[in-house]
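Chemist: Just one file: protein_33.cif, with mmCIF, C-alpha atoms.
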data_target
#
loop_
_atom_site.label_atom_id
_atom_site.label_comp_id
_atom_site.auth_asym_id
_atom_site.auth_seq_id
_atom_site.Cartn_x
_atom_site.Cartn_y
_atom_site.Cartn_z
CA PRO A 15 -48.87 -15.37 100.80
CA ALA A 16 -50.22 -18.01 103.18
CA THR A 17 -48.00 -20.73 101.76
CA GLY A 18 -44.97 -18.51 102.27
CA VAL A 19 -45.69 -18.03 105.96
CA GLN A 20 -46.43 -21.72 106.46
CA ALA A 21 -43.12 -22.57 104.77
CA VAL A 22 -41.27 -20.20 107.12
CA TYR A 23 -42.72 -21.86 110.20
CA ALA A 24 -42.28 -25.35 108.79
CA ALA A 25 -38.57 -24.51 108.63
CA VAL A 26 -38.69 -23.27 112.24
CA GLU A 27 -40.33 -26.54 113.30
CA ALA A 28 -37.53 -28.40 111.51
CA LYS A 29 -35.03 -26.19 113.38
CA ASP A 30 -33.62 -24.97 110.07
CA ILE A 31 -33.39 -21.28 110.85
CA ASP A 32 -31.26 -20.48 107.80
CA ALA A 33 -34.02 -21.89 105.59
CA ALA A 34 -36.62 -19.83 107.45
CA LYS A 35 -34.58 -16.65 107.01
CA GLY A 36 -34.13 -17.46 103.32
CA LEU A 37 -37.90 -17.10 102.87
CA LEU A 38 -37.94 -13.60 104.43
CA ALA A 39 -37.29 -10.25 102.76
CA ASP A 40 -34.15 -8.56 104.08
CA ASP A 41 -36.29 -5.81 105.66
CA ALA A 42 -39.10 -8.10 106.80
CA VAL A 43 -41.07 -7.08 109.88
CA LEU A 44 -42.58 -9.43 112.47
CA VAL A 45 -45.08 -8.03 114.99
CA LEU A 46 -46.28 -10.03 118.01
CA ILE A 47 -49.32 -8.82 119.97
CA PRO A 48 -49.09 -8.63 122.92
CA PRO A 49 -45.29 -8.35 123.00
CA PRO A 50 -43.56 -11.33 124.64
CA GLU A 51 -41.75 -10.65 127.90
CA ASN A 52 -38.52 -8.69 127.56
CA THR A 53 -39.25 -7.67 123.96
CA THR A 54 -40.99 -4.79 122.20
CA GLY A 55 -42.93 -7.30 120.12
CA VAL A 56 -41.50 -5.79 116.90
CA PHE A 57 -38.65 -7.50 115.04
CA VAL A 58 -37.23 -5.66 112.03
CA GLY A 59 -35.02 -7.40 109.48
CA LYS A 60 -34.59 -11.08 108.81
CA GLU A 61 -31.58 -11.37 111.13
CA ALA A 62 -33.55 -10.05 114.12
CA ILE A 63 -36.47 -12.31 113.21
CA GLY A 64 -34.08 -15.23 112.85
CA GLN A 65 -32.86 -14.71 116.41
CA TRP A 66 -36.46 -14.89 117.62
CA TYR A 67 -36.93 -18.07 115.61
CA GLU A 68 -33.92 -19.64 117.34
CA GLY A 69 -35.86 -19.43 120.60
CA LEU A 70 -39.00 -20.88 119.01
CA ALA A 71 -37.04 -23.83 117.64
CA ALA A 72 -35.39 -24.49 121.01
CA ASP A 73 -38.84 -24.49 122.64
CA ASN A 74 -40.13 -27.00 120.06
CA HIS A 75 -42.95 -24.87 118.65
CA ARG A 76 -45.34 -26.71 116.33
CA TYR A 77 -48.17 -25.19 114.28
CA GLU A 78 -51.54 -26.17 112.85
CA TRP A 79 -53.07 -23.76 110.31
CA SER A 80 -56.73 -23.05 109.54
CA ASP A 81 -59.13 -20.44 108.08
CA VAL A 82 -56.59 -19.26 105.53
CA GLN A 83 -57.86 -16.37 103.37
CA VAL A 84 -55.81 -14.83 100.53
CA THR A 85 -56.40 -11.50 98.78
CA GLY A 86 -53.67 -10.46 96.37
CA ASP A 87 -50.35 -10.38 98.21
CA ARG A 88 -52.03 -10.49 101.62
CA ALA A 89 -53.26 -13.40 103.71
CA THR A 90 -55.02 -13.95 107.01
CA TRP A 91 -55.07 -17.16 109.00
CA ARG A 92 -55.56 -18.82 112.34
CA ALA A 93 -52.92 -21.03 113.91
CA LYS A 94 -52.70 -23.32 116.92
CA ASP A 95 -49.28 -23.29 118.56
CA TRP A 96 -47.85 -26.06 120.71
CA SER A 97 -44.55 -25.67 122.57
CA ASP A 98 -42.71 -27.08 125.55
CA SER A 99 -43.30 -23.85 127.49
CA PHE A 100 -47.02 -23.75 126.74
CA ALA A 101 -47.31 -27.43 127.69
CA GLY A 102 -45.41 -26.80 130.93
CA LEU A 103 -47.88 -24.08 131.85
CA GLY A 104 -50.82 -26.32 130.97
CA VAL A 105 -52.16 -24.02 128.24
CA ALA A 106 -51.12 -25.79 125.00
CA PRO A 107 -52.20 -25.30 122.33
CA VAL A 108 -52.67 -21.54 122.23
CA ASP A 109 -54.54 -19.80 119.40
CA PHE A 110 -53.31 -16.96 117.23
CA GLU A 111 -54.80 -14.88 114.45
CA GLY A 112 -52.36 -13.64 111.84
CA THR A 113 -51.81 -11.57 108.73
CA SER A 114 -48.96 -11.58 106.23
CA VAL A 115 -47.70 -9.83 103.13
CA VAL A 116 -45.56 -11.55 100.50
CA GLN A 117 -43.75 -9.58 97.81
CA ASP A 118 -41.48 -10.95 95.09
CA GLY A 119 -41.70 -14.42 96.62
CA LYS A 120 -40.46 -13.28 100.04
CA VAL A 121 -42.41 -12.74 103.25
CA LYS A 122 -42.39 -8.99 103.82
CA ALA A 123 -44.53 -8.62 106.93
CA MET A 124 -46.25 -10.80 109.52
CA THR A 125 -48.45 -10.02 112.49
CA TRP A 126 -49.40 -12.60 115.11
CA VAL A 127 -52.15 -11.77 117.63
CA PHE A 128 -52.85 -13.91 120.70
CA SER A 129 -56.56 -14.79 120.84
CA GLU A 130 -58.28 -13.29 123.86
CA GLU A 131 -59.18 -16.70 125.29
CA SER A 132 -55.63 -18.02 124.94
CA ARG A 133 -54.17 -14.82 126.31
CA ASN A 134 -56.39 -15.04 129.40
CA ARG A 135 -55.39 -18.67 129.99
CA PHE A 136 -51.71 -17.84 129.48
CA GLU A 137 -51.73 -14.86 131.83
CA ALA A 138 -53.61 -16.84 134.48
CA ALA A 139 -50.99 -19.58 134.20
CA LEU A 140 -48.17 -17.04 134.56
CA THR A 141 -49.86 -15.66 137.68
CA ARG A 142 -50.10 -19.16 139.16
CA GLU A 143 -46.41 -19.79 138.50
CA ALA A 144 -45.41 -16.40 139.92
CA ASN A 145 -47.42 -17.11 143.08
CA LYS A 146 -45.74 -20.50 143.44
CA ASP A 147 -42.34 -18.88 143.05
CA LEU A 148 -43.23 -16.28 145.69
CA ILE A 149 -44.31 -18.82 148.30
CA ILE A 150 -42.21 -21.90 147.60
CA GLY A 151 -39.23 -19.87 146.43
CA ALA A 152 -38.83 -16.34 147.80
CA PHE A 153 -40.77 -16.73 151.07
CA TYR A 154 -39.21 -20.00 152.21
CA ASP A 155 -35.75 -18.98 151.05
CA ALA A 156 -36.01 -15.78 153.10
CA TRP A 157 -37.45 -17.64 156.08
CA GLU A 158 -34.76 -20.33 156.11
CA ALA A 159 -32.08 -17.62 155.72
CA GLY A 160 -33.56 -15.55 158.57
CA ASP A 161 -33.69 -12.57 156.19
CA ALA A 162 -35.96 -10.06 157.96
CA ALA A 163 -35.69 -7.44 155.20
CA ALA A 164 -36.75 -9.91 152.52
CA LEU A 165 -39.65 -11.17 154.63
CA ASN A 166 -40.87 -7.62 155.21
CA ASN A 167 -40.87 -7.06 151.44
CA ILE A 168 -42.76 -10.29 150.78
CA PHE A 169 -45.63 -9.53 153.19
CA ALA A 170 -47.94 -6.61 152.47
CA ASP A 171 -48.16 -3.91 155.15
CA ASP A 172 -51.83 -4.78 155.70
CA PHE A 173 -51.17 -8.54 155.79
CA VAL A 174 -53.64 -10.53 157.92
CA ASN A 175 -52.88 -13.93 159.39
CA HIS A 176 -56.18 -15.72 160.03
CA THR A 177 -54.62 -18.70 161.84
CA PRO A 178 -55.57 -18.90 165.54
CA GLY A 179 -52.64 -18.95 167.92
CA LEU A 180 -50.29 -16.96 165.67
CA PRO A 181 -49.78 -13.19 165.46
CA PRO A 182 -52.41 -11.65 163.17
CA ASP A 183 -50.36 -8.84 161.65
CA LYS A 184 -47.23 -8.51 159.54
CA GLU A 185 -44.86 -7.40 162.28
CA GLY A 186 -45.87 -10.15 164.68
CA PHE A 187 -45.97 -12.91 162.06
CA VAL A 188 -42.55 -12.06 160.64
CA ALA A 189 -41.11 -11.98 164.16
CA ALA A 190 -42.64 -15.40 164.89
CA ALA A 191 -41.24 -16.83 161.67
CA LEU A 192 -37.76 -15.54 162.51
CA GLU A 193 -38.01 -16.98 166.04
CA GLU A 194 -38.90 -20.38 164.62
CA ASP A 195 -35.99 -20.19 162.19
CA VAL A 196 -33.56 -19.50 165.06
CA ALA A 197 -35.07 -22.30 167.16
CA PHE A 198 -34.91 -24.81 164.28
CA PRO A 199 -31.97 -23.58 162.16
CA ASN A 200 -31.76 -26.72 160.02
CA ASN A 201 -35.48 -26.70 159.26
CA ASP A 202 -36.74 -28.03 155.97
CA TRP A 203 -40.18 -27.63 154.42
CA THR A 204 -41.20 -30.19 151.82
CA VAL A 205 -44.26 -29.41 149.72
CA ASP A 206 -46.26 -32.55 148.97
CA VAL A 207 -49.29 -31.03 147.19
CA ILE A 208 -49.71 -27.54 145.76
CA LEU A 209 -52.73 -25.93 144.12
CA ALA A 210 -53.00 -22.41 142.71
CA GLU A 211 -55.96 -20.58 141.22
CA GLY A 212 -56.33 -16.86 140.69
CA ASP A 213 -54.84 -14.99 143.65
CA LEU A 214 -54.96 -18.04 145.95
CA LEU A 215 -52.33 -20.69 146.57
CA ALA A 216 -52.77 -23.71 148.82
CA TYR A 217 -50.34 -26.44 149.73
CA HIS A 218 -49.93 -29.39 152.05
CA GLY A 219 -46.44 -30.16 153.25
CA HIS A 220 -44.31 -31.38 156.11
CA PHE A 221 -41.67 -29.77 158.32
CA ASN A 222 -38.52 -31.36 159.69
CA GLY A 223 -36.12 -29.69 162.11
CA THR A 224 -34.07 -30.01 165.27
CA HIS A 225 -34.79 -27.85 168.32
CA GLU A 226 -31.45 -26.05 168.68
CA GLY A 227 -32.58 -22.63 169.93
CA GLU A 228 -35.05 -21.24 172.48
CA PHE A 229 -38.64 -21.54 171.31
CA LEU A 230 -41.71 -20.29 173.18
CA GLY A 231 -39.58 -20.01 176.31
CA VAL A 232 -38.23 -23.56 176.07
CA ALA A 233 -34.46 -23.99 176.04
CA PRO A 234 -32.93 -26.11 173.24
CA THR A 235 -33.64 -29.82 173.63
CA GLU A 236 -31.89 -31.12 170.49
CA GLU A 237 -35.09 -33.06 169.81
CA GLU A 238 -36.12 -33.66 166.21
CA VAL A 239 -39.61 -32.49 165.29
CA ASN A 240 -41.77 -33.41 162.34
CA PHE A 241 -45.24 -32.11 161.59
CA THR A 242 -47.59 -31.53 158.69
CA ALA A 243 -49.49 -28.40 157.72
CA THR A 244 -51.99 -27.17 155.16
CA ILE A 245 -51.63 -23.48 154.32
CA ILE A 246 -53.60 -21.10 152.07
CA TYR A 247 -52.19 -17.76 150.93
CA ARG A 248 -53.80 -14.88 149.09
CA ILE A 249 -51.39 -12.88 146.97
CA GLU A 250 -51.89 -9.42 145.55
CA GLY A 251 -49.40 -7.26 143.69
CA GLY A 252 -46.61 -9.76 144.28
CA GLN A 253 -47.04 -9.72 148.07
CA ILE A 254 -48.75 -11.99 150.59
CA LYS A 255 -51.97 -10.35 151.81
CA ASP A 256 -53.70 -13.15 153.75
CA ARG A 257 -52.80 -16.49 155.29
CA TRP A 258 -54.91 -19.34 156.65
CA GLY A 259 -53.21 -22.35 158.21
CA ASN A 260 -53.93 -25.67 159.88
CA ALA A 261 -50.92 -27.49 161.39
CA ALA A 262 -50.42 -30.61 163.47
CA GLU A 263 -49.07 -28.51 166.35
CA LEU A 264 -48.91 -31.39 168.81
CA ASP A 265 -46.23 -32.98 166.66
CA LEU A 266 -44.20 -29.76 166.92
CA LEU A 267 -44.67 -29.00 170.60
CA THR A 268 -44.77 -32.42 172.28
CA PRO A 269 -41.18 -33.45 171.41
CA ILE A 270 -39.76 -30.26 172.95
CA GLY A 271 -41.56 -30.66 176.27
CA PHE A 272 -45.12 -29.39 176.02
CA THR A 273 -48.13 -31.34 177.28
CA LEU A 274 -51.87 -30.85 176.93
CA SER A 275 -53.56 -29.25 179.92
CA PRO A 276 -56.73 -31.09 181.00
CA PRO A 277 -59.98 -29.14 181.41
CA GLY A 278 -60.27 -27.46 184.79
CA SER A 279 -56.52 -27.27 185.35
CA THR A 280 -54.83 -24.00 186.27
CA ALA A 281 -53.42 -23.89 182.77
CA GLU A 282 -56.81 -24.33 181.11
CA ALA A 283 -56.52 -20.92 179.48
CA GLU A 284 -53.43 -22.14 177.64
CA THR A 285 -53.66 -24.91 175.09
CA PHE A 286 -50.24 -26.26 176.10
CA THR A 287 -47.99 -25.99 179.13
CA ALA A 288 -44.26 -26.62 179.22
CA ARG A 289 -43.00 -29.39 181.44
#
In C-alpha cells, how does this file's structure come out?
Modeler:
Amino acid sequence: PATGVQAVYAAVEAKDIDAAKGLLADDAVLVLIPPPENTTGVFVGKEAIGQWYEGLAADNHRYEWSDVQVTGDRATWRAKDWSDSFAGLGVAPVDFEGTSVVQDGKVKAMTWVFSEESRNRFEAALTREANKDLIIGAFYDAWEAGDAAALNNIFADDFVNHTPGLPPDKEGFVAAALEEDVAFPNNDWTVDVILAEGDLLAYHGHFNGTHEGEFLGVAPTEEEVNFTATIIYRIEGGQIKDRWGNAAELDLLTPIGFTLSPPGSTAEAETFTAR
C-alpha cells in the first residue's frame, strides 16, 4: 500500500500524470485536509485526481517519505512536501500525515492531512501575503486612482491614525489622501523594505511627485518633491484598523514654498508657514 502511493507521487514529481493515473483505481478517492482554496478537498475518480496532479506537477512538488506503517491493504505515513509555492511563502517543506488503501494493485483511497505546525505556518504566511496585497496593492492603487469608494472600503469604520499632524479618523484621513492625490497626480510610491508579521505590516519607501494641484492652501508650483517615509499598519478582517507613520515632511513641504517658523515667531503654533 505504501509503495503504491509513493509510486503515484514519484510519477507526479516526474510530471508523468498518465503514469500516476495508471496506478489509481477508476473510482479512487483523494481527500485533502484542510481543503485547498477553491476546492472541497475531495476528489473522486482518477480523472479528477489527475487534474489535481497537473497542478502539483506545475508547482514542482517533491516528496520525502517517513514513518511508513503497513497493515494489510492499508498504510499510514508522514511526508515532507516541497514546492515552488511553499518556497515562495517561506514555509517549505510542509509536513503531512497520510493514509492509503490499495486494492488489486491499484490505489483506492488516500487522505492527506496538514500537520498542525505546518498549517499554522502556512496560514500565517497567507495572512502576511494578503496584508501586503492590501497595502501595496489595493490601498495604493485606490489612492493613486483617487477612488474614494475603494478607500472607504479598505479602511475600517473605527480606523485610527496615530500619526501627529494628520487626521486621526477614517473620514479625515481618506479626505487627506485624496487631496494629496489631486495635488500630486503623477505620484509614485516605491517600497524599499517591507516586513509583515501577524496583523502588522511595516514598510520604508519613498515618494516622488510633481505639485500640480492645490495642497494645504498652496497653489500649484510644478515643483518636484521627493521624500521618504516609514509606515506601520495594523490590519483586521481585511481592513486597515490602525496606522503609525514617520515621514520626512520637510522634503515634501519645502519645495512647494513652506519654511520653518523659528521659536517665538507669530507662527510658532504652526510647524510650517507658507511663503
Chemist: Hey, which bits of stretch 27-122 of chain A sit within 8 Å of stretch 135-139 of chain A, and for each residue what's the closest pair of atoms and how far apart in Å (one decimal), counting only C-alpha atoms, rows by chain and increasing number, as a Markdown table?
Modeler:
| residue | atom | partner | partner_atom | distance |
| --- | --- | --- | --- | --- |
| A:Leu103 | CA | A:Ala139 | CA | 6.0 |
| A:Gly104 | CA | A:Ala139 | CA | 7.5 |
| A:Val105 | CA | A:Phe136 | CA | 6.3 |
Chemist: Give me the residues within 6 Å of A:Gly219 as a list in words, counting all atoms listed in the file and dropping any in the same chain fewer than 2 places off.
Modeler: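 The residues satisfying every condition are Thr204, Val205, Asp206, Thr242 and Ala243 of chain A.
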Chemist: Suppose you want the space between atom CA of A:Gln253 and atom CA of A:Leu180; what is it in Å?
Modeler: 19.3 Å
Chemist: Between A:Ser97, A:Gln20, A:Thr235, A:Thr268, which residue has the minimum interatomic distance to A:Ala71, considering only C-alpha atoms?
Modeler: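 The answer is A:Ser97, which sits nearest to A:Ala71.
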Chemist: Around all the atoms of stretch 95-102 of chain A listed in the file, draw an axis-aligned box and extend it by 6 Å on each of the six sides; I want its centre and edge lengths in Å to one decimal, as AutoDock Vina command-line options.
Modeler:
--center_x -46.0 --center_y -25.4 --center_z 124.7 --size_x 18.6 --size_y 16.1 --size_z 24.4
Chemist: To verify the selection step, state as a list in words which residues the PyMOL selection byres ((chain A and resi 64) around 10) yields on this input.
Modeler: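 Selected by the PyMOL selection byres ((chain A and resi 64) around 10) here: Val26, Ile31, Asp32, Ala33, Ala34, Lys35, Gly36, Leu38, Phe57, Gly59, Lys60, Glu61, Ala62, Ile63, Gln65, Trp66, Tyr67, Glu68, Gly69 and Leu70 of chain A.
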Chemist: Can you work out which one of A:Leu215, A:Val121, A:Leu165, A:Ile47 has the shortest atom-to-atom distance to A:Tyr23, counting only C-alpha atoms?
Modeler: A:Val121
Chemist: Selection in question (the file shown): the PyMOL selection byres ((chain A and resi 42) around 6). Which residues does it include, as a compact mmCIF listing (two decimals) with C-alpha atoms, in the coordinates of the input?
Modeler:
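Result written to expr_13.txt:
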# COMPACT_ATOMS: atom_id res chain seq x y z
CA ALA A 39 -37.29 -10.25 102.76
CA ASP A 40 -34.15 -8.56 104.08
CA ASP A 41 -36.29 -5.81 105.66
CA VAL A 43 -41.07 -7.08 109.88
CA GLY A 59 -35.02 -7.40 109.48
CA LYS A 60 -34.59 -11.08 108.81
CA LYS A 122 -42.39 -8.99 103.82
CA ALA A 123 -44.53 -8.62 106.93
